[in-house]
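Visitor: Just so it is clear, I am handing over run.pdb, which has PDB, C-alpha atoms, pLDDT in the B column.
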```
ATOM      1  CA  MET A   1      13.265  30.857 -49.134  1.00 42.00           C
ATOM      2  CA  GLU A   2      10.924  33.376 -50.552  1.00 42.00           C
ATOM      3  CA  SER A   3       7.756  34.661 -48.998  1.00 42.00           C
ATOM      4  CA  SER A   4       5.702  32.868 -51.650  1.00 42.00           C
ATOM      5  CA  GLU A   5       6.884  29.530 -50.195  1.00 44.00           C
ATOM      6  CA  HIS A   6       5.621  30.404 -46.704  1.00 45.00           C
ATOM      7  CA  GLY A   7       2.639  32.689 -47.190  1.00 43.00           C
ATOM      8  CA  SER A   8       1.520  32.128 -43.588  1.00 44.00           C
ATOM      9  CA  SER A   9       4.590  33.834 -42.140  1.00 44.00           C
ATOM     10  CA  MET A  10       4.598  36.953 -44.320  1.00 44.00           C
ATOM     11  CA  SER A  11       1.760  38.790 -46.005  1.00 44.00           C
ATOM     12  CA  SER A  12       3.939  40.684 -48.457  1.00 44.00           C
ATOM     13  CA  PRO A  13       7.677  41.137 -48.952  1.00 45.00           C
ATOM     14  CA  GLY A  14       9.122  43.105 -46.077  1.00 45.00           C
ATOM     15  CA  VAL A  15       5.847  43.518 -44.128  1.00 49.00           C
ATOM     16  CA  ALA A  16       4.988  41.559 -40.994  1.00 48.00           C
ATOM     17  CA  ILE A  17       1.623  39.849 -40.598  1.00 55.00           C
ATOM     18  CA  GLY A  18       0.242  42.693 -38.495  1.00 58.00           C
ATOM     19  CA  GLY A  19       0.719  45.101 -41.415  1.00 69.00           C
ATOM     20  CA  THR A  20       3.035  47.475 -39.542  1.00 84.00           C
ATOM     21  CA  LEU A  21       6.601  47.006 -38.402  1.00 85.00           C
ATOM     22  CA  PRO A  22       7.588  47.242 -34.761  1.00 88.00           C
ATOM     23  CA  PRO A  23       9.472  50.467 -33.908  1.00 89.00           C
ATOM     24  CA  GLY A  24      13.199  50.408 -34.622  1.00 89.00           C
ATOM     25  CA  ILE A  25      13.061  47.620 -37.250  1.00 90.00           C
ATOM     26  CA  THR A  26      13.437  48.298 -40.948  1.00 91.00           C
ATOM     27  CA  GLU A  27      11.607  46.365 -43.665  1.00 91.00           C
ATOM     28  CA  GLU A  28      14.849  44.689 -44.671  1.00 93.00           C
ATOM     29  CA  GLU A  29      15.569  43.550 -41.069  1.00 92.00           C
ATOM     30  CA  ALA A  30      12.012  42.302 -40.702  1.00 92.00           C
ATOM     31  CA  GLU A  31      12.296  40.314 -43.933  1.00 93.00           C
ATOM     32  CA  GLU A  32      15.592  38.740 -42.772  1.00 94.00           C
ATOM     33  CA  MET A  33      14.047  37.853 -39.404  1.00 93.00           C
ATOM     34  CA  GLN A  34      11.019  36.320 -41.149  1.00 95.00           C
ATOM     35  CA  VAL A  35      13.285  34.145 -43.311  1.00 96.00           C
ATOM     36  CA  GLU A  36      15.343  33.129 -40.274  1.00 96.00           C
ATOM     37  CA  LEU A  37      12.150  32.373 -38.294  1.00 96.00           C
ATOM     38  CA  ILE A  38      10.926  30.098 -41.092  1.00 97.00           C
ATOM     39  CA  LYS A  39      14.290  28.268 -41.114  1.00 97.00           C
ATOM     40  CA  VAL A  40      14.260  27.858 -37.302  1.00 97.00           C
ATOM     41  CA  GLU A  41      10.662  26.566 -37.339  1.00 97.00           C
ATOM     42  CA  ASP A  42      11.596  24.080 -40.090  1.00 96.00           C
ATOM     43  CA  GLU A  43      14.603  22.922 -38.024  1.00 97.00           C
ATOM     44  CA  ILE A  44      12.381  22.521 -34.934  1.00 96.00           C
ATOM     45  CA  GLN A  45       9.933  20.404 -36.928  1.00 96.00           C
ATOM     46  CA  THR A  46      12.796  18.258 -38.286  1.00 96.00           C
ATOM     47  CA  LEU A  47      14.229  17.818 -34.779  1.00 96.00           C
ATOM     48  CA  ARG A  48      10.796  16.758 -33.480  1.00 96.00           C
ATOM     49  CA  GLN A  49      10.534  14.136 -36.196  1.00 96.00           C
ATOM     50  CA  VAL A  50      14.052  12.892 -35.463  1.00 96.00           C
ATOM     51  CA  LEU A  51      13.265  12.760 -31.718  1.00 95.00           C
ATOM     52  CA  VAL A  52      10.082  10.737 -32.308  1.00 95.00           C
ATOM     53  CA  ALA A  53      11.999   8.319 -34.535  1.00 96.00           C
ATOM     54  CA  LYS A  54      14.779   7.965 -31.919  1.00 95.00           C
ATOM     55  CA  GLU A  55      12.229   7.361 -29.137  1.00 93.00           C
ATOM     56  CA  ARG A  56      10.563   4.626 -31.210  1.00 94.00           C
ATOM     57  CA  HIS A  57      13.930   3.035 -31.912  1.00 95.00           C
ATOM     58  CA  ALA A  58      14.877   3.176 -28.204  1.00 92.00           C
ATOM     59  CA  ALA A  59      11.515   1.617 -27.218  1.00 90.00           C
ATOM     60  CA  GLU A  60      12.041  -1.193 -29.735  1.00 92.00           C
ATOM     61  CA  LEU A  61      15.564  -1.858 -28.408  1.00 92.00           C
ATOM     62  CA  LYS A  62      14.276  -1.938 -24.821  1.00 88.00           C
ATOM     63  CA  ARG A  63      11.490  -4.311 -25.813  1.00 88.00           C
ATOM     64  CA  ARG A  64      13.952  -6.654 -27.530  1.00 90.00           C
ATOM     65  CA  LEU A  65      16.267  -6.520 -24.495  1.00 89.00           C
ATOM     66  CA  GLY A  66      13.353  -7.312 -22.172  1.00 87.00           C
ATOM     67  CA  ILE A  67      13.506  -3.997 -20.331  1.00 85.00           C
ATOM     68  CA  SER A  68       9.990  -3.252 -19.073  1.00 85.00           C
ATOM     69  CA  PRO A  69       8.714   0.132 -17.853  1.00 82.00           C
ATOM     70  CA  LEU A  70       8.536  -1.339 -14.325  1.00 82.00           C
ATOM     71  CA  SER A  71      12.192  -2.378 -14.382  1.00 81.00           C
ATOM     72  CA  GLU A  72      13.085   1.105 -15.636  1.00 81.00           C
ATOM     73  CA  ILE A  73      11.207   2.655 -12.715  1.00 85.00           C
ATOM     74  CA  LYS A  74      13.013   0.348 -10.270  1.00 83.00           C
ATOM     75  CA  GLN A  75      16.343   1.238 -11.840  1.00 83.00           C
ATOM     76  CA  ASN A  76      15.552   4.961 -11.655  1.00 83.00           C
ATOM     77  CA  LEU A  77      14.496   4.658  -8.000  1.00 86.00           C
ATOM     78  CA  THR A  78      17.672   2.753  -7.139  1.00 87.00           C
ATOM     79  CA  LYS A  79      19.793   5.324  -8.934  1.00 85.00           C
ATOM     80  CA  GLY A  80      17.904   8.175  -7.240  1.00 86.00           C
ATOM     81  CA  TRP A  81      18.331   6.615  -3.790  1.00 84.00           C
ATOM     82  CA  HIS A  82      22.047   6.103  -4.455  1.00 83.00           C
ATOM     83  CA  GLU A  83      22.341   9.776  -5.451  1.00 85.00           C
ATOM     84  CA  VAL A  84      20.524  10.816  -2.265  1.00 83.00           C
ATOM     85  CA  GLN A  85      22.885   8.705  -0.150  1.00 83.00           C
ATOM     86  CA  CYS A  86      25.887  10.272  -1.856  1.00 86.00           C
ATOM     87  CA  SER A  87      24.581  13.816  -1.429  1.00 86.00           C
ATOM     88  CA  ASN A  88      26.285  16.149   1.027  1.00 87.00           C
ATOM     89  CA  ALA A  89      23.039  16.850   2.892  1.00 85.00           C
ATOM     90  CA  TYR A  90      22.374  13.147   3.488  1.00 82.00           C
ATOM     91  CA  MET A  91      25.958  12.504   4.601  1.00 85.00           C
ATOM     92  CA  ARG A  92      25.908  15.479   6.979  1.00 86.00           C
ATOM     93  CA  THR A  93      22.565  14.400   8.444  1.00 86.00           C
ATOM     94  CA  SER A  94      23.758  10.824   8.857  1.00 83.00           C
ATOM     95  CA  GLN A  95      26.947  12.004  10.552  1.00 86.00           C
ATOM     96  CA  THR A  96      24.999  14.351  12.854  1.00 87.00           C
ATOM     97  CA  LEU A  97      22.626  11.541  13.879  1.00 85.00           C
ATOM     98  CA  GLY A  98      25.578   9.227  14.502  1.00 84.00           C
ATOM     99  CA  ASP A  99      27.253  11.851  16.698  1.00 83.00           C
ATOM    100  CA  LEU A 100      24.002  12.416  18.599  1.00 81.00           C
ATOM    101  CA  ASN A 101      23.580   8.660  19.155  1.00 81.00           C
ATOM    102  CA  ARG A 102      27.141   8.373  20.481  1.00 82.00           C
ATOM    103  CA  ARG A 103      26.592  11.309  22.841  1.00 80.00           C
ATOM    104  CA  VAL A 104      23.325   9.904  24.171  1.00 79.00           C
ATOM    105  CA  THR A 105      24.640   6.359  24.686  1.00 79.00           C
ATOM    106  CA  SER A 106      27.793   7.613  26.385  1.00 81.00           C
ATOM    107  CA  SER A 107      26.005  10.137  28.641  1.00 80.00           C
ATOM    108  CA  ASN A 108      25.862   9.527  32.390  1.00 80.00           C
ATOM    109  CA  LEU A 109      22.065   9.605  32.394  1.00 80.00           C
ATOM    110  CA  TYR A 110      21.832   6.857  29.754  1.00 78.00           C
ATOM    111  CA  LEU A 111      24.477   4.720  31.436  1.00 75.00           C
ATOM    112  CA  THR A 112      22.798   5.154  34.847  1.00 83.00           C
ATOM    113  CA  ALA A 113      19.356   4.277  33.458  1.00 81.00           C
ATOM    114  CA  SER A 114      20.741   1.263  31.611  1.00 79.00           C
ATOM    115  CA  SER A 115      22.553   0.061  34.715  1.00 80.00           C
ATOM    116  CA  THR A 116      19.429   0.576  36.851  1.00 83.00           C
ATOM    117  CA  LEU A 117      17.314  -1.496  34.434  1.00 83.00           C
ATOM    118  CA  GLU A 118      19.885  -4.287  34.512  1.00 82.00           C
ATOM    119  CA  ASP A 119      19.914  -4.179  38.339  1.00 79.00           C
ATOM    120  CA  ILE A 120      16.112  -4.386  38.416  1.00 82.00           C
ATOM    121  CA  GLY A 121      16.168  -7.359  36.031  1.00 81.00           C
ATOM    122  CA  ARG A 122      18.608  -9.185  38.348  1.00 82.00           C
ATOM    123  CA  SER A 123      16.790  -8.286  41.583  1.00 83.00           C
ATOM    124  CA  ASP A 124      14.989 -10.884  43.707  1.00 84.00           C
ATOM    125  CA  ALA A 125      11.794  -8.802  43.783  1.00 82.00           C
ATOM    126  CA  TYR A 126      11.626  -8.750  39.976  1.00 81.00           C
ATOM    127  CA  LYS A 127      12.251 -12.507  39.772  1.00 82.00           C
ATOM    128  CA  ARG A 128       9.582 -13.227  42.433  1.00 83.00           C
ATOM    129  CA  THR A 129       7.073 -10.994  40.611  1.00 86.00           C
ATOM    130  CA  GLN A 130       7.811 -12.744  37.347  1.00 85.00           C
ATOM    131  CA  GLU A 131       7.350 -16.181  38.960  1.00 85.00           C
ATOM    132  CA  THR A 132       4.099 -15.099  40.641  1.00 86.00           C
ATOM    133  CA  LEU A 133       2.670 -13.808  37.356  1.00 87.00           C
ATOM    134  CA  SER A 134       3.689 -17.011  35.595  1.00 86.00           C
ATOM    135  CA  GLN A 135       2.016 -19.154  38.290  1.00 85.00           C
ATOM    136  CA  ALA A 136      -1.120 -16.986  38.171  1.00 84.00           C
ATOM    137  CA  GLY A 137      -1.299 -17.470  34.408  1.00 85.00           C
ATOM    138  CA  GLN A 138      -0.969 -21.237  34.761  1.00 87.00           C
ATOM    139  CA  MET A 139      -3.633 -21.366  37.489  1.00 86.00           C
ATOM    140  CA  THR A 140      -6.034 -19.250  35.405  1.00 87.00           C
ATOM    141  CA  SER A 141      -5.510 -21.505  32.403  1.00 85.00           C
ATOM    142  CA  ALA A 142      -6.176 -24.633  34.509  1.00 83.00           C
ATOM    143  CA  ALA A 143      -9.296 -23.082  36.062  1.00 82.00           C
ATOM    144  CA  LEU A 144     -10.715 -22.145  32.653  1.00 85.00           C
ATOM    145  CA  SER A 145      -9.979 -25.621  31.341  1.00 83.00           C
ATOM    146  CA  SER A 146     -11.747 -27.360  34.250  1.00 84.00           C
ATOM    147  CA  MET A 147     -14.668 -24.928  34.025  1.00 83.00           C
ATOM    148  CA  GLY A 148     -15.061 -25.829  30.356  1.00 81.00           C
ATOM    149  CA  SER A 149     -15.149 -29.531  31.271  1.00 82.00           C
ATOM    150  CA  VAL A 150     -17.810 -28.926  33.936  1.00 81.00           C
ATOM    151  CA  ILE A 151     -19.991 -26.939  31.522  1.00 84.00           C
ATOM    152  CA  ARG A 152     -19.618 -29.619  28.860  1.00 80.00           C
ATOM    153  CA  ASN A 153     -20.640 -32.341  31.355  1.00 80.00           C
ATOM    154  CA  ARG A 154     -23.649 -30.308  32.521  1.00 79.00           C
ATOM    155  CA  PHE A 155     -24.849 -29.835  28.936  1.00 76.00           C
ATOM    156  CA  GLY A 156     -24.470 -33.568  28.377  1.00 76.00           C
ATOM    157  CA  GLU A 157     -26.556 -34.307  31.456  1.00 77.00           C
ATOM    158  CA  MET A 158     -29.200 -31.769  30.377  1.00 77.00           C
ATOM    159  CA  ARG A 159     -29.453 -33.270  26.928  1.00 75.00           C
ATOM    160  CA  ASN A 160     -30.095 -36.731  28.348  1.00 77.00           C
ATOM    161  CA  SER A 161     -32.772 -35.462  30.771  1.00 78.00           C
ATOM    162  CA  PRO A 162     -36.454 -36.322  30.124  1.00 80.00           C
ATOM    163  CA  SER A 163     -37.533 -32.662  29.994  1.00 78.00           C
ATOM    164  CA  PHE A 164     -34.980 -31.842  27.277  1.00 75.00           C
ATOM    165  CA  LYS A 165     -36.000 -34.947  25.289  1.00 76.00           C
ATOM    166  CA  SER A 166     -39.631 -33.871  25.518  1.00 81.00           C
ATOM    167  CA  PHE A 167     -38.751 -30.338  24.351  1.00 78.00           C
ATOM    168  CA  GLU A 168     -36.687 -31.753  21.493  1.00 78.00           C
ATOM    169  CA  ASP A 169     -39.563 -33.996  20.374  1.00 81.00           C
ATOM    170  CA  LYS A 170     -41.973 -31.060  20.405  1.00 81.00           C
ATOM    171  CA  VAL A 171     -39.595 -28.975  18.249  1.00 81.00           C
ATOM    172  CA  ASP A 172     -39.252 -31.864  15.780  1.00 80.00           C
ATOM    173  CA  ASN A 173     -43.052 -32.275  15.653  1.00 82.00           C
ATOM    174  CA  MET A 174     -43.506 -28.528  15.033  1.00 80.00           C
ATOM    175  CA  LYS A 175     -40.851 -28.622  12.320  1.00 76.00           C
ATOM    176  CA  TYR A 176     -42.626 -31.532  10.608  1.00 76.00           C
ATOM    177  CA  LYS A 177     -45.950 -29.711  10.668  1.00 79.00           C
ATOM    178  CA  VAL A 178     -44.463 -26.482   9.248  1.00 79.00           C
ATOM    179  CA  MET A 179     -42.387 -28.240   6.616  1.00 76.00           C
ATOM    180  CA  GLY A 180     -45.257 -30.559   5.666  1.00 69.00           C
ATOM    181  CA  ARG A 181     -47.589 -27.632   4.993  1.00 58.00           C
ATOM    182  CA  SER A 182     -44.999 -25.775   2.961  1.00 53.00           C
ATOM    183  CA  ASN A 183     -44.525 -28.843   0.731  1.00 53.00           C
ATOM    184  CA  GLY A 184     -48.263 -28.986  -0.028  1.00 53.00           C
ATOM    185  CA  GLU A 185     -49.041 -31.803   2.413  1.00 51.00           C
ATOM    186  CA  SER A 186     -52.228 -31.832   4.417  1.00 51.00           C
ATOM    187  CA  ASP A 187     -52.562 -31.129   8.105  1.00 51.00           C
ATOM    188  CA  HIS A 188     -52.803 -34.828   8.697  1.00 51.00           C
ATOM    189  CA  SER A 189     -49.276 -35.657   9.654  1.00 49.00           C
ATOM    190  CA  PRO A 190     -48.113 -39.061  10.738  1.00 52.00           C
ATOM    191  CA  PRO A 191     -48.740 -39.552  14.415  1.00 51.00           C
ATOM    192  CA  SER A 192     -45.879 -38.525  16.643  1.00 50.00           C
ATOM    193  CA  ASN A 193     -44.764 -39.988  19.915  1.00 51.00           C
ATOM    194  CA  ASN A 194     -45.702 -36.848  21.810  1.00 49.00           C
ATOM    195  CA  ALA A 195     -48.762 -34.687  21.736  1.00 47.00           C
ATOM    196  CA  PRO A 196     -48.473 -31.448  19.742  1.00 48.00           C
ATOM    197  CA  PHE A 197     -48.197 -28.124  21.479  1.00 45.00           C
TER     198      PHE A 197
END
```
In structure tokens, write the structure found in this file.
Guide:
Amino acid sequence: MESSEHGSSMSSPGVAIGGTLPPGITEEEAEEMQVELIKVEDEIQTLRQVLVAKERHAAELKRRLGISPLSEIKQNLTKGWHEVQCSNAYMRTSQTLGDLNRRVTSSNLYLTASSTLEDIGRSDAYKRTQETLSQAGQMTSAALSSMGSVIRNRFGEMRNSPSFKSFEDKVDNMKYKVMGRSNGESDHSPPSNNAPF
């Protein structure tokens, strides 16, 4: 390829764009490097075009196979986790933790503590405490239930009392007066059973 084909790379035969050659390079070497640079840049451009075409083709194949980006991510995560599990660091850590667990569970302190907890669980004092707490819970539940019944009965009695009925009638009368005025009715409401406030 001649310099006339790629005027952007060379300004004149044998002279670099800057006008002067770097030290230690002859005009002939510079011209050869310019030609080689043009070829390499052309190859890079061709490879980019081929890569884009291959990526499009791969995307089309995945689409036709029903492989979604989400399933690809899942597959990559699964593969990555498998690689982590197979790594030396993971295996060494897992082995170290297993050894530590075996040492702890076989130590005298652990065995003594475990045995002591089992003894406490079987002891009469623990069983009595558990029974007492259970009975206390049942008694509290029964007390709350009966208290609720008493309160409900008292409210029923209050509602049927003459003073509550009178209060209720007054509230209804007040409501009628307020609602009647807001609907454009006059102050002359139908007579009520009770006197207004």
Visitor: Would you mind reading off the distance between CA of Ser71 in chain A and CA of Val52 in chain A, one decimal, in Å?
Guide: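 CA of Val52 in chain A lies at a distance of 22.3 Å from CA of Ser71 in chain A.
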Visitor: Take every atom of range 152-161 of chain A listed in the file, pad by 3 Å on each side, and give me the axis-aligned box centre and edge lengths in Å, one decimal, as JSON.
Guide:
```
{"center_x": -26.2, "center_y": -33.2, "center_z": 29.7, "size_x": 19.2, "size_y": 13.1, "size_z": 11.6}
```
Visitor: Tell me, in Å to one decimal, how far CA of Ile151 in chain A is from CA of Phe164 in chain A.
Guide: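 According to the coordinates, CA of Ile151 in chain A and CA of Phe164 in chain A are separated by 16.3 Å.
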Visitor: Give me, please, the distance in Å between CA of Met91 in chain A and CA of Leu70 in chain A, quoted to one decimal.
Guide: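 Between these atoms lies a distance of 29.2 Å.
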Visitor: How about completing range 94-111 of chain A with N, CA and C atoms and giving it to me as a tab-separated table (two decimals), keeping the file's coordinate frame?
Guide:
```tsv
chain	number	residue	atom	x	y	z
A	94	SER	N	23.39	12.13	8.32
A	94	SER	CA	23.76	10.82	8.86
A	94	SER	C	24.86	10.96	9.90
A	95	GLN	N	25.84	11.79	9.61
A	95	GLN	CA	26.95	12.00	10.55
A	95	GLN	C	26.44	12.67	11.83
A	96	THR	N	25.54	13.65	11.69
A	96	THR	CA	25.00	14.35	12.85
A	96	THR	C	24.21	13.38	13.73
A	97	LEU	N	23.39	12.52	13.11
A	97	LEU	CA	22.63	11.54	13.88
A	97	LEU	C	23.55	10.54	14.57
A	98	GLY	N	24.61	10.14	13.88
A	98	GLY	CA	25.58	9.23	14.50
A	98	GLY	C	26.25	9.86	15.71
A	99	ASP	N	26.63	11.13	15.57
A	99	ASP	CA	27.25	11.85	16.70
A	99	ASP	C	26.27	11.96	17.86
A	100	LEU	N	25.02	12.28	17.56
A	100	LEU	CA	24.00	12.42	18.60
A	100	LEU	C	23.80	11.08	19.32
A	101	ASN	N	23.74	9.99	18.56
A	101	ASN	CA	23.58	8.66	19.16
A	101	ASN	C	24.75	8.33	20.08
A	102	ARG	N	25.96	8.64	19.64
A	102	ARG	CA	27.14	8.37	20.48
A	102	ARG	C	27.10	9.20	21.76
A	103	ARG	N	26.67	10.46	21.64
A	103	ARG	CA	26.59	11.31	22.84
A	103	ARG	C	25.55	10.79	23.82
A	104	VAL	N	24.40	10.38	23.29
A	104	VAL	CA	23.32	9.90	24.17
A	104	VAL	C	23.76	8.62	24.86
A	105	THR	N	24.30	7.66	24.10
A	105	THR	CA	24.64	6.36	24.69
A	105	THR	C	25.85	6.45	25.61
A	106	SER	N	26.64	7.48	25.48
A	106	SER	CA	27.79	7.61	26.38
A	106	SER	C	27.52	8.59	27.53
A	107	SER	N	26.32	9.18	27.57
A	107	SER	CA	26.00	10.14	28.64
A	107	SER	C	25.79	9.40	29.96
A	108	ASN	N	26.03	10.11	31.06
A	108	ASN	CA	25.86	9.53	32.39
A	108	ASN	C	24.41	9.11	32.64
A	109	LEU	N	23.47	9.91	32.18
A	109	LEU	CA	22.06	9.60	32.39
A	109	LEU	C	21.69	8.27	31.72
A	110	TYR	N	22.13	8.10	30.48
A	110	TYR	CA	21.83	6.86	29.75
A	110	TYR	C	22.49	5.66	30.44
A	111	LEU	N	23.76	5.82	30.80
A	111	LEU	CA	24.48	4.72	31.44
A	111	LEU	C	23.85	4.37	32.78
```
